[in-house]
Structure formats: C-alpha cells, structure tokens
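See below for the structure under consideration.
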Amino acid sequence: MDRTPPAAHATHDELLIARLYGGDVDAAERERALEQIAECRDCAELFADLGAIADAVVAMQVPRRPRDFGLTEADAARLRRRRLSAWFFGAGLRRSLGGSLAALGLVGVVLTGVASLTSGAASPVEFSSNQSLTGAAQPVPAASQADLAAFGSAAAPTAAPAATAAASERSATNLSPTAASASPAASAYAVSPASQAPAQQGDLGKVSLASQSPAGLGQPTPAVPESSVAHGGIDARLLWLVGFGVLFLFGIAVVILPGRRRGHGRGGPS
Amino acid sequence: MDVTVADERVVTDAKTADERSSEALGQGVDAALVEEASRGRLEAFNELVARHQDHLFALVYRLVPDRDQAADAVQEAFFSAYRNLHSFRGGSVRSWLSRIAINAAMDLQRATRRRPSQPYPEYEDESWQPPAAADVEPEAKALAAERSKALARALAALPFEQRNCIVLFDVEGYDYAEIATIMRVEVGTVKSRIHRGRLALRKALSSSRELFRG
C-alpha cells in the first residue's frame, strides 16, 4: 500500500481525525479524513490510538471508595434544618418579600404623586404653607420692606411685642409657629388679618396682602397645619414620596440581588 | 454453523432482555426508595446511597484527580441529593445522582483551581495498587495498573473542562448536547473540548504509548 511519507504528516489535519473518531464530520469531511487515514501511516496510528485511549479511560482502574457515604441521623437533621433555612432566606421568601416591598413602594409613590398633582400647589392650605415657609426663611423682599416702612412708625414699635404676644398665645391667635419664631419683621409679615387685635387689623392686613402672590390675594391666610410641614421646612408629602421611593428601590434590590450561595448542591438536581 | 450463529443471537438477545428487565427493576426500586426517603425515612435514603456510591465515586474520581477530594465531592453530592429529594421529577435516579455528583465535582474543581493539589497522589505511592479482579493474570494485572497510572497522570494534566467532557462522553455515555447542558456551554464548545482533549491526551501519553497498543 502506498503511504504518504511521515514528513508529509505534519501538514495533515489531526483535528479532522479526532473529529472523525468523535463522529463530528459531514460527508465531505468524512471522505477526506478516511482518505488521509488510508494514505498516511501516522494518521492511521492516530486514529487507532484515539480508540485505544478512549477504551482505556473507560476501563481505567479506580481505587475503592475510602468510606461509606451514608448519612447519619445528625447529618439528616442538619440537612433538614438547612433546607428550611434555605427556604426562609433563600429565593422563595426573599422574592416574595422583595416583591411585596417593591409593590408597596410603587403604590405609595403613585398615590403620593397623584395626590400632589391633584391637590398640590393651588390649594389654599398648601399655598399658605409654602408662603409662610418662604416668608420665614428668606429675607424680606424690598417691596415688603417699603410696606413695612409705610406701616412703619405706628406699627413697628408694636409689631415686635405683638409678635411676641402672639407667639405666647399661639393657639388663640392662629399664628404660624414658623412665622412666630422668625425675625420680628417676618413675624409681623406672616401675621394673618383674622388673628390680629381689632386695633391693628387694618394695618397688618395690608402688610399681609402686599406680601402674597396674586393667587393668594384677597384670601385670608389660614393657619398652617402642623402635619403638612416637617421640621426644617420640608414638605411632608415630599418625605412620603422619598420614603416610598426608597421602599420601592429596596424591594427591587432584594428581588434581584443574588441569594446566599448554598454549597455544592447549587443547580445539582435538574 | 448457521444454527450456532442463530443460537448465539438468541442467547445475546435473551441477555439483553435480562439486562433490560434488571435495569427496569432497579429503576423501580430506586424510585420507591426516593419516595420513601422524601417522606423522611433515612434508611431508605441510605439504601439508595449503598446502591449508587461506588458508581458515583468511580465517576467523580475520574473528574477530580485526588481520592480524598473526590470522596468529599461524592459526600457533598449525597447531602445535596438528600436536601433536594422533593425536586426529583422521576426518571432515572442514577442519572439524577450522577448529575448532582458531576456538579459537585465541578464546584470542587473551580474551588481548587487556584490551589492545585498533587494529582492522583495514590498512584505515587508504590504500595498502593488499584483493585483488580481476582481471576486476572498477574502480568495483565500489572499492565492494567501501569496503564491506569499513566492514564491518570495524563488525565490530570488536561484542563478540567476537557477532562470532564471526555469522561462524560466516553465513560458516562452522554451525547454532546447533554454534556453542553450539564456544563452550561455551547455544543460546539463541548465538541471542541473533546476533540482537542483527545489529541492532548495522546500527546501526554506519547512516552507510554506501547501500554495502549495490543
């Protein structure tokens, strides 16, 4: 039989022979591989060796197992506990809890958002709340300064004592606590007409009207509900919105974050 | 002559039928044991262990080149099987346990990847010999031991991805697609690993090739 010289074997595709042995060739490749085996002694030896090695892997002697792998009662009890805790802290409860938190957070965000949109800035309560916030926190505008100056000589000497008195009788005069704790000017500025003593009602009413925006003009400034403004001047609705948002994000994180690794059994049974 | 051939065929068919019925019986016993074990009977599970531990150890030992580590992987596989008895969906218990053991072996391989141990240390110990059938000739016994020793070293030298694919294909008889599912890779990757692994194995055995010829 004519055989290709051994030097030519270097140009032969050994992977093709291995693929032929593994049955991973199409018809054309099979023909080419068989031709290669027929013509090249090294390729023929390779094919035979692959078969012999595969047989040897199957027949490979293996030492006896070093121990019995049966479970003791203690093993079984421990594994049962782990199974229970795996359920509690594993994917099942984690996903349920995370999903619930995320749903609650989302509902809260939507409801708070809708409530803010429908009854938000236009409502008198909300407006006066914002107004007194800005009035207390910001410097008095120039126009208001002028008003105050006009309000001036007669009212100014009495404004501070009036504010102090009003602060001490907050419940009786309906004065905003925020306004009362601010500067004398601001305190006088936020005093509502309804809350003033009859002697000062006209003058103070002027000041209050001048300081309001057109939306609030002509309307008496009601007392600011304590519940709608948090300490530090943050709208409580905003706090609720942020809180629900955080709850939603936390729930999502609980759902998508990987669970605890549970040892070698991961993905075992299928 | 024709009659003899026909008789042999009948005998062969009969043997196959016996083997099949035995296998079916074994599967039925396994399924019953799994059911009892999942009701909390530890004895039933340990009976299952006794029926399959030799097979699983032989399988894992080919994948993990260390007897103690292989034993740990098999033990972990039985722990995992006990924890997941409720997830058994029928079929062959042996295949189910094999899959768990293969996963345990692969987890162990990944864990020990950065701190490789001496492969098959028992083969380095001259006093240790793998068990062989009692009726085998001493010469054949010695040859088989030499062959196993050389093969074990060559297998241990392969990347474990190639070794796993070759063992699962040749020893366990899984096809390419099944191995791809087990190893969570593409079928083409499995084929490539097997073909290249075979060539690498042959190259590693080049100095002791005579052991495998004839």
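Identifiers for the structure tokens are assigned positionally: chains receive A, B, ... in sequence, residues are indexed from 1 per chain, and ligands are indexed from 1 in the order shown.
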Give as a VMD selection string every residue of chain A that touches chain B within 9 Å, counting only C-alpha atoms. chain A and resid 14 to 19 21 to 22 24 46 48 to 50 52 to 73 75 to 76 79 to 80 82 to 83 263 to 270
Would you save the residues of that selection, restricted to N, CA and C atoms, as a short mmCIF file (atom, residue, chain, number, x, y, z; two decimals), in the first residue's frame?
```cif
data_model
loop_
_atom_site.label_atom_id
_atom_site.label_comp_id
_atom_site.auth_asym_id
_atom_site.auth_seq_id
_atom_site.Cartn_x
_atom_site.Cartn_y
_atom_site.Cartn_z
N GLU A 14 -4.85 16.89 12.11
CA GLU A 14 -5.09 15.87 13.14
C GLU A 14 -6.46 16.04 13.79
N LEU A 15 -6.88 17.30 13.87
CA LEU A 15 -8.20 17.56 14.47
C LEU A 15 -9.31 16.90 13.65
N LEU A 16 -9.08 16.83 12.35
CA LEU A 16 -10.08 16.17 11.49
C LEU A 16 -10.19 14.69 11.85
N ILE A 17 -9.04 14.08 12.14
CA ILE A 17 -9.06 12.66 12.55
C ILE A 17 -9.80 12.52 13.87
N ALA A 18 -9.52 13.42 14.80
CA ALA A 18 -10.20 13.36 16.10
C ALA A 18 -11.70 13.58 15.93
N ARG A 19 -12.05 14.48 15.02
CA ARG A 19 -13.47 14.72 14.78
C ARG A 19 -14.12 13.50 14.13
N TYR A 21 -13.21 10.45 14.68
CA TYR A 21 -13.40 9.47 15.76
C TYR A 21 -14.63 9.82 16.60
N GLY A 22 -14.84 11.13 16.79
CA GLY A 22 -15.99 11.56 17.59
C GLY A 22 -17.29 11.62 16.81
N ASP A 24 -18.07 13.61 14.40
CA ASP A 24 -18.45 15.01 14.24
C ASP A 24 -17.97 15.55 12.89
N LEU A 46 -2.77 7.51 14.63
CA LEU A 46 -3.50 8.46 15.48
C LEU A 46 -4.93 7.98 15.70
N ALA A 48 -6.13 4.97 15.50
CA ALA A 48 -6.13 3.77 16.35
C ALA A 48 -5.84 4.13 17.81
N ASP A 49 -4.92 5.05 18.03
CA ASP A 49 -4.58 5.46 19.40
C ASP A 49 -5.76 6.12 20.10
N LEU A 50 -6.47 6.93 19.35
CA LEU A 50 -7.63 7.60 19.96
C LEU A 50 -8.63 6.57 20.47
N ALA A 52 -7.92 3.43 21.32
CA ALA A 52 -7.33 2.68 22.43
C ALA A 52 -7.38 3.50 23.72
N ILE A 53 -7.12 4.80 23.59
CA ILE A 53 -7.12 5.66 24.79
C ILE A 53 -8.53 5.80 25.35
N ALA A 54 -9.50 5.95 24.45
CA ALA A 54 -10.89 6.06 24.92
C ALA A 54 -11.30 4.79 25.65
N ASP A 55 -10.92 3.64 25.12
CA ASP A 55 -11.23 2.37 25.80
C ASP A 55 -10.55 2.32 27.16
N ALA A 56 -9.30 2.82 27.20
CA ALA A 56 -8.55 2.77 28.46
C ALA A 56 -9.17 3.69 29.51
N VAL A 57 -9.72 4.82 29.06
CA VAL A 57 -10.37 5.73 30.02
C VAL A 57 -11.57 5.03 30.65
N VAL A 58 -12.32 4.29 29.82
CA VAL A 58 -13.49 3.58 30.35
C VAL A 58 -13.04 2.49 31.32
N ALA A 59 -11.95 1.78 30.95
CA ALA A 59 -11.50 0.64 31.76
C ALA A 59 -10.54 1.04 32.88
N MET A 60 -10.29 2.32 33.00
CA MET A 60 -9.31 2.79 34.00
C MET A 60 -9.68 2.30 35.40
N GLN A 61 -8.68 1.75 36.07
CA GLN A 61 -8.93 1.25 37.42
C GLN A 61 -9.08 2.41 38.39
N VAL A 62 -10.04 2.25 39.23
CA VAL A 62 -10.34 3.30 40.20
C VAL A 62 -10.19 2.70 41.59
N PRO A 63 -9.56 3.42 42.51
CA PRO A 63 -9.43 2.86 43.86
C PRO A 63 -10.78 2.70 44.54
N ARG A 64 -10.79 1.86 45.55
CA ARG A 64 -12.05 1.70 46.29
C ARG A 64 -12.38 3.00 47.01
N ARG A 65 -13.65 3.23 47.16
CA ARG A 65 -14.04 4.44 47.89
C ARG A 65 -13.50 4.35 49.31
N PRO A 66 -13.02 5.47 49.84
CA PRO A 66 -12.37 5.44 51.15
C PRO A 66 -13.33 5.27 52.31
N ARG A 67 -14.62 5.53 52.08
CA ARG A 67 -15.57 5.41 53.20
C ARG A 67 -16.97 5.19 52.67
N ASP A 68 -17.86 4.91 53.60
CA ASP A 68 -19.26 4.79 53.25
C ASP A 68 -19.89 6.19 53.28
N PHE A 69 -20.72 6.46 52.29
CA PHE A 69 -21.25 7.82 52.18
C PHE A 69 -22.67 7.95 52.76
N GLY A 70 -23.09 6.95 53.49
CA GLY A 70 -24.42 7.01 54.11
C GLY A 70 -24.53 8.17 55.09
N LEU A 71 -25.76 8.60 55.31
CA LEU A 71 -25.99 9.75 56.21
C LEU A 71 -26.34 9.25 57.61
N THR A 72 -25.83 9.96 58.60
CA THR A 72 -26.22 9.66 59.98
C THR A 72 -27.48 10.47 60.31
N GLU A 73 -28.06 10.13 61.47
CA GLU A 73 -29.25 10.89 61.91
C GLU A 73 -28.90 12.37 62.10
N ASP A 75 -26.57 14.06 60.50
CA ASP A 75 -26.47 14.66 59.16
C ASP A 75 -27.85 15.03 58.65
N ALA A 76 -28.77 14.07 58.77
CA ALA A 76 -30.11 14.27 58.23
C ALA A 76 -30.80 15.45 58.92
N LEU A 79 -29.27 18.67 57.70
CA LEU A 79 -29.67 18.99 56.33
C LEU A 79 -31.12 19.43 56.26
N ARG A 80 -31.96 18.86 57.14
CA ARG A 80 -33.36 19.30 57.16
C ARG A 80 -33.46 20.75 57.62
N ARG A 82 -31.12 22.98 57.31
CA ARG A 82 -30.58 23.82 56.23
C ARG A 82 -31.59 24.01 55.12
N ARG A 83 -32.37 22.93 54.89
CA ARG A 83 -33.38 23.04 53.83
C ARG A 83 -34.42 24.08 54.21
N GLY A 263 -23.60 26.11 48.65
CA GLY A 263 -22.69 24.98 48.62
C GLY A 263 -22.73 24.24 47.31
N HIS A 264 -22.26 23.02 47.36
CA HIS A 264 -22.07 22.26 46.13
C HIS A 264 -23.37 21.86 45.46
N GLY A 265 -24.43 21.90 46.18
CA GLY A 265 -25.69 21.44 45.60
C GLY A 265 -26.29 22.40 44.62
N ARG A 266 -25.65 23.57 44.47
CA ARG A 266 -26.21 24.59 43.59
C ARG A 266 -26.45 24.04 42.19
N GLY A 267 -27.68 24.02 41.77
CA GLY A 267 -28.02 23.58 40.42
C GLY A 267 -27.88 22.10 40.21
N GLY A 268 -27.70 21.39 41.30
CA GLY A 268 -27.49 19.95 41.16
C GLY A 268 -28.65 19.23 40.54
N PRO A 269 -29.73 19.12 41.26
CA PRO A 269 -30.85 18.38 40.69
C PRO A 269 -31.47 19.17 39.57
N SER A 270 -31.85 18.50 38.54
CA SER A 270 -32.42 19.20 37.40
C SER A 270 -33.74 18.57 37.01
#
```
Give the helix (DSSP H, G or I) residues of stretch 3-121 of chain A, as assigned by DSSP on the backbone, as a tab-separated table (two decimals) with N, CA and C atoms, in the first residue's frame.
```
chain	number	residue	atom	x	y	z
A	6	PRO	N	6.30	10.09	6.24
A	6	PRO	CA	6.00	10.67	7.56
A	6	PRO	C	6.12	12.19	7.59
A	7	ALA	N	7.07	12.73	6.79
A	7	ALA	CA	7.26	14.18	6.82
A	7	ALA	C	6.01	14.92	6.38
A	8	ALA	N	5.25	14.29	5.50
A	8	ALA	CA	4.04	14.94	5.00
A	8	ALA	C	2.94	14.98	6.05
A	9	HIS	N	3.06	14.14	7.08
A	9	HIS	CA	2.01	14.09	8.11
A	9	HIS	C	1.85	15.43	8.83
A	14	GLU	N	-4.85	16.89	12.11
A	14	GLU	CA	-5.09	15.87	13.14
A	14	GLU	C	-6.46	16.04	13.79
A	15	LEU	N	-6.88	17.30	13.87
A	15	LEU	CA	-8.20	17.56	14.47
A	15	LEU	C	-9.31	16.90	13.65
A	16	LEU	N	-9.08	16.83	12.35
A	16	LEU	CA	-10.08	16.17	11.49
A	16	LEU	C	-10.19	14.69	11.85
A	17	ILE	N	-9.04	14.08	12.14
A	17	ILE	CA	-9.06	12.66	12.55
A	17	ILE	C	-9.80	12.52	13.87
A	18	ALA	N	-9.52	13.42	14.80
A	18	ALA	CA	-10.20	13.36	16.10
A	18	ALA	C	-11.70	13.58	15.93
A	19	ARG	N	-12.05	14.48	15.02
A	19	ARG	CA	-13.47	14.72	14.78
A	19	ARG	C	-14.12	13.50	14.13
A	20	LEU	N	-13.37	12.83	13.27
A	20	LEU	CA	-13.90	11.59	12.66
A	20	LEU	C	-14.16	10.55	13.74
A	21	TYR	N	-13.21	10.45	14.68
A	21	TYR	CA	-13.40	9.47	15.76
A	21	TYR	C	-14.63	9.82	16.60
A	27	ALA	N	-20.30	14.61	5.38
A	27	ALA	CA	-19.92	13.58	4.39
A	27	ALA	C	-18.59	13.91	3.72
A	28	ALA	N	-18.41	15.15	3.33
A	28	ALA	CA	-17.19	15.54	2.63
A	28	ALA	C	-15.97	15.40	3.54
A	29	GLU	N	-16.15	15.85	4.77
A	29	GLU	CA	-15.04	15.77	5.73
A	29	GLU	C	-14.70	14.31	6.05
A	30	ARG	N	-15.73	13.51	6.12
A	30	ARG	CA	-15.52	12.09	6.41
A	30	ARG	C	-14.69	11.45	5.30
A	31	GLU	N	-15.04	11.80	4.08
A	31	GLU	CA	-14.31	11.24	2.94
A	31	GLU	C	-12.84	11.68	2.97
A	32	ARG	N	-12.64	12.93	3.26
A	32	ARG	CA	-11.27	13.46	3.31
A	32	ARG	C	-10.48	12.81	4.44
A	33	ALA	N	-11.13	12.64	5.62
A	33	ALA	CA	-10.43	12.04	6.76
A	33	ALA	C	-10.07	10.58	6.47
A	34	LEU	N	-11.01	9.86	5.86
A	34	LEU	CA	-10.73	8.45	5.54
A	34	LEU	C	-9.59	8.34	4.53
A	35	GLU	N	-9.57	9.25	3.60
A	35	GLU	CA	-8.51	9.27	2.60
A	35	GLU	C	-7.16	9.53	3.28
A	36	GLN	N	-7.19	10.44	4.23
A	36	GLN	CA	-5.97	10.78	4.97
A	36	GLN	C	-5.46	9.56	5.75
A	37	ILE	N	-6.39	8.85	6.37
A	37	ILE	CA	-6.03	7.66	7.15
A	37	ILE	C	-5.48	6.57	6.24
A	38	ALA	N	-6.08	6.45	5.06
A	38	ALA	CA	-5.66	5.41	4.14
A	38	ALA	C	-4.27	5.69	3.57
A	39	GLU	N	-3.94	6.96	3.43
A	39	GLU	CA	-2.69	7.31	2.77
A	39	GLU	C	-1.55	7.60	3.73
A	41	ARG	N	0.38	6.77	7.34
A	41	ARG	CA	0.50	5.81	8.43
A	41	ARG	C	0.33	6.50	9.79
A	42	ASP	N	0.87	7.70	9.94
A	42	ASP	CA	0.75	8.42	11.21
A	42	ASP	C	-0.71	8.76	11.52
A	43	CYS	N	-1.43	9.13	10.46
A	43	CYS	CA	-2.86	9.45	10.67
A	43	CYS	C	-3.61	8.18	11.08
A	44	ALA	N	-3.25	7.05	10.47
A	44	ALA	CA	-3.88	5.78	10.83
A	44	ALA	C	-3.56	5.41	12.28
A	45	GLU	N	-2.31	5.64	12.68
A	45	GLU	CA	-1.90	5.35	14.06
A	45	GLU	C	-2.65	6.27	15.04
A	46	LEU	N	-2.77	7.51	14.63
A	46	LEU	CA	-3.50	8.46	15.48
A	46	LEU	C	-4.93	7.98	15.70
A	47	PHE	N	-5.59	7.58	14.63
A	47	PHE	CA	-6.97	7.11	14.73
A	47	PHE	C	-7.06	5.90	15.66
A	48	ALA	N	-6.13	4.97	15.50
A	48	ALA	CA	-6.13	3.77	16.35
A	48	ALA	C	-5.84	4.13	17.81
A	49	ASP	N	-4.92	5.05	18.03
A	49	ASP	CA	-4.58	5.46	19.40
A	49	ASP	C	-5.76	6.12	20.10
A	50	LEU	N	-6.47	6.93	19.35
A	50	LEU	CA	-7.63	7.60	19.96
A	50	LEU	C	-8.63	6.57	20.47
A	51	GLY	N	-8.83	5.54	19.68
A	51	GLY	CA	-9.74	4.48	20.10
A	51	GLY	C	-9.23	3.75	21.33
A	52	ALA	N	-7.92	3.43	21.32
A	52	ALA	CA	-7.33	2.68	22.43
A	52	ALA	C	-7.38	3.50	23.72
A	53	ILE	N	-7.12	4.80	23.59
A	53	ILE	CA	-7.12	5.66	24.79
A	53	ILE	C	-8.53	5.80	25.35
A	54	ALA	N	-9.50	5.95	24.45
A	54	ALA	CA	-10.89	6.06	24.92
A	54	ALA	C	-11.30	4.79	25.65
A	55	ASP	N	-10.92	3.64	25.12
A	55	ASP	CA	-11.23	2.37	25.80
A	55	ASP	C	-10.55	2.32	27.16
A	56	ALA	N	-9.30	2.82	27.20
A	56	ALA	CA	-8.55	2.77	28.46
A	56	ALA	C	-9.17	3.69	29.51
A	57	VAL	N	-9.72	4.82	29.06
A	57	VAL	CA	-10.37	5.73	30.02
A	57	VAL	C	-11.57	5.03	30.65
A	58	VAL	N	-12.32	4.29	29.82
A	58	VAL	CA	-13.49	3.58	30.35
A	58	VAL	C	-13.04	2.49	31.32
A	59	ALA	N	-11.95	1.78	30.95
A	59	ALA	CA	-11.50	0.64	31.76
A	59	ALA	C	-10.54	1.04	32.88
A	73	GLU	N	-28.06	10.13	61.47
A	73	GLU	CA	-29.25	10.89	61.91
A	73	GLU	C	-28.90	12.37	62.10
A	74	ALA	N	-27.70	12.61	62.61
A	74	ALA	CA	-27.28	14.00	62.84
A	74	ALA	C	-27.15	14.75	61.50
A	75	ASP	N	-26.57	14.06	60.50
A	75	ASP	CA	-26.47	14.66	59.16
A	75	ASP	C	-27.85	15.03	58.65
A	76	ALA	N	-28.77	14.07	58.77
A	76	ALA	CA	-30.11	14.27	58.23
A	76	ALA	C	-30.80	15.45	58.92
A	77	ALA	N	-30.65	15.53	60.25
A	77	ALA	CA	-31.28	16.63	60.99
A	77	ALA	C	-30.69	17.96	60.55
A	78	ARG	N	-29.37	17.99	60.41
A	78	ARG	CA	-28.71	19.23	59.99
A	78	ARG	C	-29.17	19.64	58.58
A	79	LEU	N	-29.27	18.67	57.70
A	79	LEU	CA	-29.67	18.99	56.33
A	79	LEU	C	-31.12	19.43	56.26
A	80	ARG	N	-31.96	18.86	57.14
A	80	ARG	CA	-33.36	19.30	57.16
A	80	ARG	C	-33.46	20.75	57.62
A	81	ARG	N	-32.64	21.09	58.64
A	81	ARG	CA	-32.64	22.48	59.12
A	81	ARG	C	-32.16	23.40	58.02
A	82	ARG	N	-31.12	22.98	57.31
A	82	ARG	CA	-30.58	23.82	56.23
A	82	ARG	C	-31.59	24.01	55.12
A	83	ARG	N	-32.37	22.93	54.89
A	83	ARG	CA	-33.38	23.04	53.83
A	83	ARG	C	-34.42	24.08	54.21
A	84	LEU	N	-34.81	24.07	55.50
A	84	LEU	CA	-35.80	25.02	55.99
A	84	LEU	C	-35.24	26.44	55.93
A	85	SER	N	-34.02	26.59	56.42
A	85	SER	CA	-33.45	27.94	56.42
A	85	SER	C	-33.17	28.42	55.01
A	86	ALA	N	-32.85	27.48	54.13
A	86	ALA	CA	-32.64	27.86	52.74
A	86	ALA	C	-33.93	28.39	52.14
A	87	TRP	N	-35.06	27.79	52.57
A	87	TRP	CA	-36.32	28.30	52.06
A	87	TRP	C	-36.60	29.69	52.63
A	88	PHE	N	-36.36	29.83	53.93
A	88	PHE	CA	-36.63	31.11	54.57
A	88	PHE	C	-35.77	32.21	53.99
A	89	PHE	N	-34.47	31.94	53.91
A	89	PHE	CA	-33.55	33.00	53.49
A	89	PHE	C	-33.18	32.87	52.01
A	91	ALA	N	-34.33	31.88	47.87
A	91	ALA	CA	-35.03	32.60	46.81
A	91	ALA	C	-36.52	32.78	47.10
A	92	GLY	N	-37.15	31.76	47.71
A	92	GLY	CA	-38.60	31.79	47.87
A	92	GLY	C	-39.09	32.99	48.64
A	93	LEU	N	-38.70	33.06	49.90
A	93	LEU	CA	-39.19	34.13	50.74
A	93	LEU	C	-38.60	35.47	50.32
A	94	ARG	N	-37.33	35.43	49.90
A	94	ARG	CA	-36.66	36.67	49.51
A	94	ARG	C	-37.42	37.35	48.37
A	95	ARG	N	-37.80	36.55	47.39
A	95	ARG	CA	-38.51	37.13	46.25
A	95	ARG	C	-39.88	37.64	46.65
A	96	SER	N	-40.56	36.86	47.51
A	96	SER	CA	-41.90	37.28	47.94
A	96	SER	C	-41.81	38.59	48.70
A	97	LEU	N	-40.86	38.64	49.65
A	97	LEU	CA	-40.72	39.83	50.47
A	97	LEU	C	-40.31	41.03	49.62
A	98	GLY	N	-39.33	40.83	48.78
A	98	GLY	CA	-38.86	41.92	47.92
A	98	GLY	C	-39.95	42.42	47.00
A	99	GLY	N	-40.70	41.48	46.43
A	99	GLY	CA	-41.78	41.85	45.53
A	99	GLY	C	-42.85	42.66	46.25
A	100	SER	N	-43.17	42.23	47.48
A	100	SER	CA	-44.19	42.94	48.26
A	100	SER	C	-43.74	44.35	48.58
A	101	LEU	N	-42.48	44.47	49.01
A	101	LEU	CA	-41.95	45.79	49.36
A	101	LEU	C	-41.94	46.71	48.13
A	102	ALA	N	-41.51	46.14	47.01
A	102	ALA	CA	-41.45	46.95	45.78
A	102	ALA	C	-42.85	47.39	45.37
A	103	ALA	N	-43.82	46.48	45.48
A	103	ALA	CA	-45.20	46.82	45.10
A	103	ALA	C	-45.75	47.91	46.01
A	104	LEU	N	-45.49	47.74	47.32
A	104	LEU	CA	-45.96	48.73	48.28
A	104	LEU	C	-45.33	50.10	48.00
A	105	GLY	N	-44.03	50.08	47.74
A	105	GLY	CA	-43.33	51.32	47.44
A	105	GLY	C	-43.87	51.99	46.19
A	106	LEU	N	-44.12	51.18	45.18
A	106	LEU	CA	-44.61	51.73	43.91
A	106	LEU	C	-46.00	52.34	44.08
A	107	VAL	N	-46.86	51.61	44.79
A	107	VAL	CA	-48.22	52.12	45.03
A	107	VAL	C	-48.15	53.42	45.81
A	108	GLY	N	-47.28	53.44	46.81
A	108	GLY	CA	-47.12	54.65	47.62
A	108	GLY	C	-46.64	55.83	46.80
A	109	VAL	N	-45.66	55.58	45.93
A	109	VAL	CA	-45.12	56.65	45.08
A	109	VAL	C	-46.21	57.18	44.17
A	110	VAL	N	-46.96	56.27	43.57
A	110	VAL	CA	-48.01	56.69	42.63
A	110	VAL	C	-49.09	57.49	43.36
A	111	LEU	N	-49.55	56.97	44.49
A	111	LEU	CA	-50.63	57.65	45.22
A	111	LEU	C	-50.17	59.02	45.72
A	112	THR	N	-48.97	59.06	46.25
A	112	THR	CA	-48.46	60.34	46.74
A	112	THR	C	-48.31	61.33	45.59
A	113	GLY	N	-47.81	60.82	44.46
A	113	GLY	CA	-47.64	61.68	43.29
A	113	GLY	C	-48.96	62.21	42.80
A	114	VAL	N	-49.95	61.31	42.72
A	114	VAL	CA	-51.27	61.72	42.24
A	114	VAL	C	-51.89	62.74	43.20
A	115	ALA	N	-51.73	62.48	44.48
A	115	ALA	CA	-52.30	63.40	45.48
A	115	ALA	C	-51.65	64.77	45.36
A	116	SER	N	-50.35	64.78	45.12
A	116	SER	CA	-49.64	66.06	44.99
A	116	SER	C	-50.12	66.81	43.75
A	117	LEU	N	-50.35	66.07	42.67
A	117	LEU	CA	-50.75	66.71	41.42
A	117	LEU	C	-52.16	67.27	41.51
A	118	THR	N	-53.06	66.50	42.12
A	118	THR	CA	-54.47	66.91	42.12
A	118	THR	C	-54.75	67.99	43.16
A	119	SER	N	-54.12	67.94	44.30
A	119	SER	CA	-54.45	68.93	45.34
A	119	SER	C	-53.23	69.71	45.76
```
Between atom CA of B:Met183 and atom CA of B:Leu168, what is the distance in Å, rounded to a tenth? 10.2 Å
Would you compute the distance between atom CA of B:Ser21 and atom CA of B:Arg94? Give it in Å to one decimal.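 That distance, rounded to one decimal, is 15.9 Å.
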Could you check how far atom CA of B:Gln162 sits from atom CA of B:Val190, in Å to one decimal?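 If I compute the distance from atom CA of B:Gln162 to atom CA of B:Val190, I get 8.2 Å.
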